[in-house]
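Asks: Below are the structure tokens for one structure; questions will follow.
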Amino acid sequence: MTRVVVTGMGAVTPIGNDVATFTQNAYQGKIGIGKITKFDAAETGITVAGEVKNFDPNELVGKKQAKRMDLFSQYAVHTAIQAMTQAGINEQNTASEDLGVIYGSGIGGLTTIQNQIIKMHDKGPQRVSPMFVPTAIANMAAGNIAIKFHAQNICTAIVTACATGTNSIGEAYRQIKEKRAQVMICGGSEASVNEIGIAGFAALNALSKKTDPSEASLPFDKKRSGFVLGEGAGTLVLESLEHAQKRGATILGEIVGYGSNCDAYHITAPDPTGKPQGRAMQLAIEEAGIKPVEVGYINAHGTGTTANDAGESLAIQQVFGENSNVKVSSSKSMTGHLLGAAGAIEAILTLDALQKQVLPPNVGLTEQDEKCNINVITQATAADGIEYALSNSFGFGGHNAVLVFKRWSE
């Protein structure tokens with residue numbers, strides 16, 4: 001059986017534009033949520049978002065290339081360069097035919113779509129940019145990454161709403177496990193903090209209307225009132241263990257299980273019984289060949305909506321027992337919800353937590369909802385020898401995706 005390891009990671013998030021800064025700030029409980037600055041949000045009724053700060057696409061993507069990309073693609077390519085640099089993958093040690101890309105976005109080039117529709121409305125269809133389609137379509141993060149690294153194995157884009165990043169990593173894992181590729185670049189990107197993004201989710205009554213950033217994203221808290229929209233990207237480089245060892249790569253962790261299914265229940269609401277979500281966790285654990293008791297930490301989907309947190313808590317209880325000691329936290333309490341990128345940055349944090357043996361906190365929790373009867377940690381916590389961890393993602397449309405990570409050991 002082919003083992004699949006992680007050799008590179010890259011991140012752009014509301015609490016840091018590289019993996020080291022992102023993870024350090026997460027362990028310190030830093031909140032990256034703040035007043036919306038990208039546009040005047042007054043009429044939306046929403047005040048705060050998890051914006052990326054001080055991002056310079058010219059730094060890694062390049063000025064010329066960046067002009068031909070929507071922001072979501074810029075984030076994706078930027079983090080892919082970070083991850084590939086760390087991994088040390090190049091044309092000398094990896095054939096193009098062995099290198100693939102599975103990379104998604106929940107929405108794609110929403111800022112481009114918004115701006116070009118306004119231009120068409122105000123100035124007519126002849127003024128629409130010829131780059132509209134190639135920058136707006138959701139597969140262009142994957143396409144631009146493949147072009148950058150001359151990846152000629154599979155190149156595809158997954159769109160499963162908030163499960164996108166996790167599904168992309170899981171499907172990339174399967175490509176290597178089933179010996180269809182040696183190296184995969186995978187993850188998710190999102191850049192939807194704009195007028196139509198905020199207005200659209202606000203119209204669903206999904207977003208928190210809190211004005212205080214410290215009270216806006218409160219996963220599992222009795223006072224939770226919706227999620228906070230975030231933006232950014234996360235990229236992982238996966239390799240077969242044999243390929244990584246042959247070239248002397250530094251291994252950051254291992255993926256050992258992946259479960260994915262569907263609620264088939266509602267277009268936006270999760271199944272309130274938690275059974276499909278629990279089944280996705282069980283599938284991942286079974287593929288890993290371990291028992292639930294061996295899992296020491298869960299990076300929860302934990303959006304801060306009433307329905308999601310209650311359903312996910314029930315799912316955790318069904319798999320691990322009502323009085324389980326498995327520790328749980330949602331990093332969305334710090335970053336907000338990055339939609340299609342959420343699972344990718346959360347996978348990075350989960351891997352880093354196993355590597356460093358410290359678990360990130362669920363910030364802002366002061367009164368845990370009795371309907372969320374799980375072991376939520378509110379401070380950075382020593383991992384105490386934890387070997388296995390889950391990362392959960394559940395998306396609109398009933399998409400469920402779960403990854404099992406293992407602390408690296410020979």
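Letters A, B, ... go to the chains of the structure tokens in the order shown; residues in each chain start at 1; ligands are counted from 1 in the same order.
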Going by DSSP on the backbone, which bits of stretch 41-173 of chain A are strand (DSSP E)? Write them as a ChimeraX atom specification, please.
Replies: /A:48-49,99-104,155-156
Asks: Take the residues that were just selected and, keeping all heavy atoms, output them as a short mmCIF file (atom, residue, chain, number, x, y, z; two decimals), in the first residue's frame.
Replies:
data_model
loop_
_atom_site.label_atom_id
_atom_site.label_comp_id
_atom_site.auth_asym_id
_atom_site.auth_seq_id
_atom_site.Cartn_x
_atom_site.Cartn_y
_atom_site.Cartn_z
N VAL A 48 -17.99 43.15 10.01
CA VAL A 48 -16.65 42.56 10.11
C VAL A 48 -16.46 41.39 9.14
O VAL A 48 -17.42 40.77 8.69
CB VAL A 48 -16.35 42.09 11.56
CG1 VAL A 48 -16.42 43.26 12.53
CG2 VAL A 48 -17.31 40.98 11.97
N ALA A 49 -15.19 41.12 8.85
CA ALA A 49 -14.81 39.98 8.02
C ALA A 49 -13.39 39.58 8.38
O ALA A 49 -12.67 40.33 9.06
CB ALA A 49 -14.91 40.33 6.54
N LEU A 99 3.52 14.78 -11.72
CA LEU A 99 3.09 15.89 -10.87
C LEU A 99 1.70 16.37 -11.29
O LEU A 99 1.48 16.75 -12.44
CB LEU A 99 4.10 17.05 -11.00
CG LEU A 99 3.76 18.36 -10.29
CD1 LEU A 99 3.69 18.17 -8.77
CD2 LEU A 99 4.81 19.43 -10.63
N GLY A 100 0.76 16.34 -10.33
CA GLY A 100 -0.61 16.74 -10.63
C GLY A 100 -1.12 17.83 -9.71
O GLY A 100 -0.46 18.21 -8.73
N VAL A 101 -2.31 18.33 -10.02
CA VAL A 101 -2.93 19.40 -9.25
C VAL A 101 -4.41 19.09 -9.05
O VAL A 101 -5.12 18.80 -10.02
CB VAL A 101 -2.81 20.77 -9.96
CG1 VAL A 101 -3.47 21.87 -9.13
CG2 VAL A 101 -1.37 21.11 -10.26
N ILE A 102 -4.87 19.13 -7.81
CA ILE A 102 -6.30 19.14 -7.51
C ILE A 102 -6.52 20.30 -6.56
O ILE A 102 -6.07 20.26 -5.41
CB ILE A 102 -6.80 17.82 -6.92
CG1 ILE A 102 -6.60 16.67 -7.91
CG2 ILE A 102 -8.28 17.94 -6.55
CD1 ILE A 102 -7.13 15.32 -7.44
N TYR A 103 -7.18 21.32 -7.06
CA TYR A 103 -7.24 22.57 -6.32
C TYR A 103 -8.58 23.24 -6.57
O TYR A 103 -9.02 23.35 -7.71
CB TYR A 103 -6.13 23.52 -6.78
CG TYR A 103 -5.65 24.47 -5.72
CD1 TYR A 103 -4.49 24.20 -4.99
CD2 TYR A 103 -6.35 25.62 -5.42
CE1 TYR A 103 -4.04 25.07 -4.01
CE2 TYR A 103 -5.92 26.50 -4.44
CZ TYR A 103 -4.77 26.22 -3.74
OH TYR A 103 -4.33 27.08 -2.75
N GLY A 104 -9.25 23.67 -5.50
CA GLY A 104 -10.60 24.17 -5.67
C GLY A 104 -10.85 25.54 -5.08
O GLY A 104 -10.02 26.13 -4.40
N CYS A 155 -5.09 17.51 -13.63
CA CYS A 155 -5.29 18.87 -13.14
C CYS A 155 -6.78 19.11 -13.15
O CYS A 155 -7.40 19.21 -14.22
CB CYS A 155 -4.56 19.90 -14.01
SG CYS A 155 -4.86 21.60 -13.45
N THR A 156 -7.36 19.22 -11.96
CA THR A 156 -8.81 19.38 -11.88
C THR A 156 -9.16 20.28 -10.70
O THR A 156 -8.35 20.50 -9.80
CB THR A 156 -9.51 18.02 -11.77
OG1 THR A 156 -10.90 18.18 -12.01
CG2 THR A 156 -9.31 17.39 -10.40
#
Asks: May I have the residues within 8 Å of A:Leu354 as a compact mmCIF listing (two decimals) with N, CA, C and O atoms, in the first residue's frame, using only C-alpha atoms and disregarding those fewer than 6 positions away in the same chain?
Replies:
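Final output, around_31.txt:
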# COMPACT_ATOMS: atom_id res chain seq x y z
N GLY A 253 4.28 15.30 7.82
CA GLY A 253 3.18 14.53 8.37
C GLY A 253 2.66 13.55 7.34
O GLY A 253 3.16 13.50 6.21
N ALA A 383 -0.32 18.55 23.29
CA ALA A 383 -0.96 17.42 22.62
C ALA A 383 -0.76 16.11 23.36
O ALA A 383 -1.47 15.13 23.10
N ILE A 386 -0.31 12.91 21.19
CA ILE A 386 -1.36 12.61 20.22
C ILE A 386 -0.74 12.24 18.87
O ILE A 386 0.10 12.95 18.35
N GLU A 387 -1.17 11.12 18.32
CA GLU A 387 -0.63 10.62 17.05
C GLU A 387 -1.56 10.88 15.87
O GLU A 387 -1.11 11.03 14.74
N TYR A 388 -2.88 10.90 16.14
CA TYR A 388 -3.85 11.04 15.06
C TYR A 388 -4.79 12.21 15.32
O TYR A 388 -5.22 12.44 16.47
N ALA A 389 -5.16 12.92 14.25
CA ALA A 389 -6.09 14.03 14.36
C ALA A 389 -6.99 14.05 13.13
O ALA A 389 -6.59 13.63 12.04
N LYS A 406 -1.70 11.78 10.54
CA LYS A 406 -0.87 11.06 11.51
C LYS A 406 0.43 11.82 11.72
O LYS A 406 1.04 12.30 10.76
N ARG A 407 0.82 11.92 12.95
CA ARG A 407 2.12 12.49 13.28
C ARG A 407 3.20 11.66 12.59
O ARG A 407 3.16 10.43 12.64
Asks: Which neighbours of A:Gly398 fall inside 8 Å, counting only C-alpha atoms, when residues of the same chain fewer than 6 positions from it are skipped, and could you give them as an MDAnalysis selection string?
Replies: chainID A and resid 262:271
Asks: Can you work out which one of A:Thr23, A:Gln317, A:Gln82, A:Asn261 has the shortest atom-to-atom distance to A:Pro361, counting only C-alpha atoms?
Replies: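 Counting only C-alpha atoms, the residue closest to A:Pro361 is A:Thr23.
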Asks: Would you mind telling me which residue in A:Ser330, A:Thr211, A:Thr160, A:Gln379 lies nearest to A:Asn400 when using only C-alpha atoms?
Replies: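 Using only C-alpha atoms, A:Asn400 sits closest to A:Thr160.
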Asks: Neighbouring residues of A:Asn375 were defined as those with any atom within 7 Å, considering only C-alpha atoms; residues of the same chain fewer than 5 positions away were excluded. Please report them as a list in words.
Replies: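 Here the qualifying residues turn out to be Asn325, Val326, Lys327 and Val328 of chain A.
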Asks: Could you check which of A:Arg127, A:Lys53, A:His78, A:Lys332 is closest to A:Glu346, using only C-alpha atoms?
Replies: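 Ranked by minimum distance to A:Glu346, first place goes to A:Lys332.
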Asks: Extract, using only C-alpha atoms, all DNA, RNA and protein residues at most 6 Å from stretch 282-292 of chain A, discarding same-chain residues fewer than 5 positions from it, and format them as a ChimeraX atom specification.
Replies: /A:256-259,320
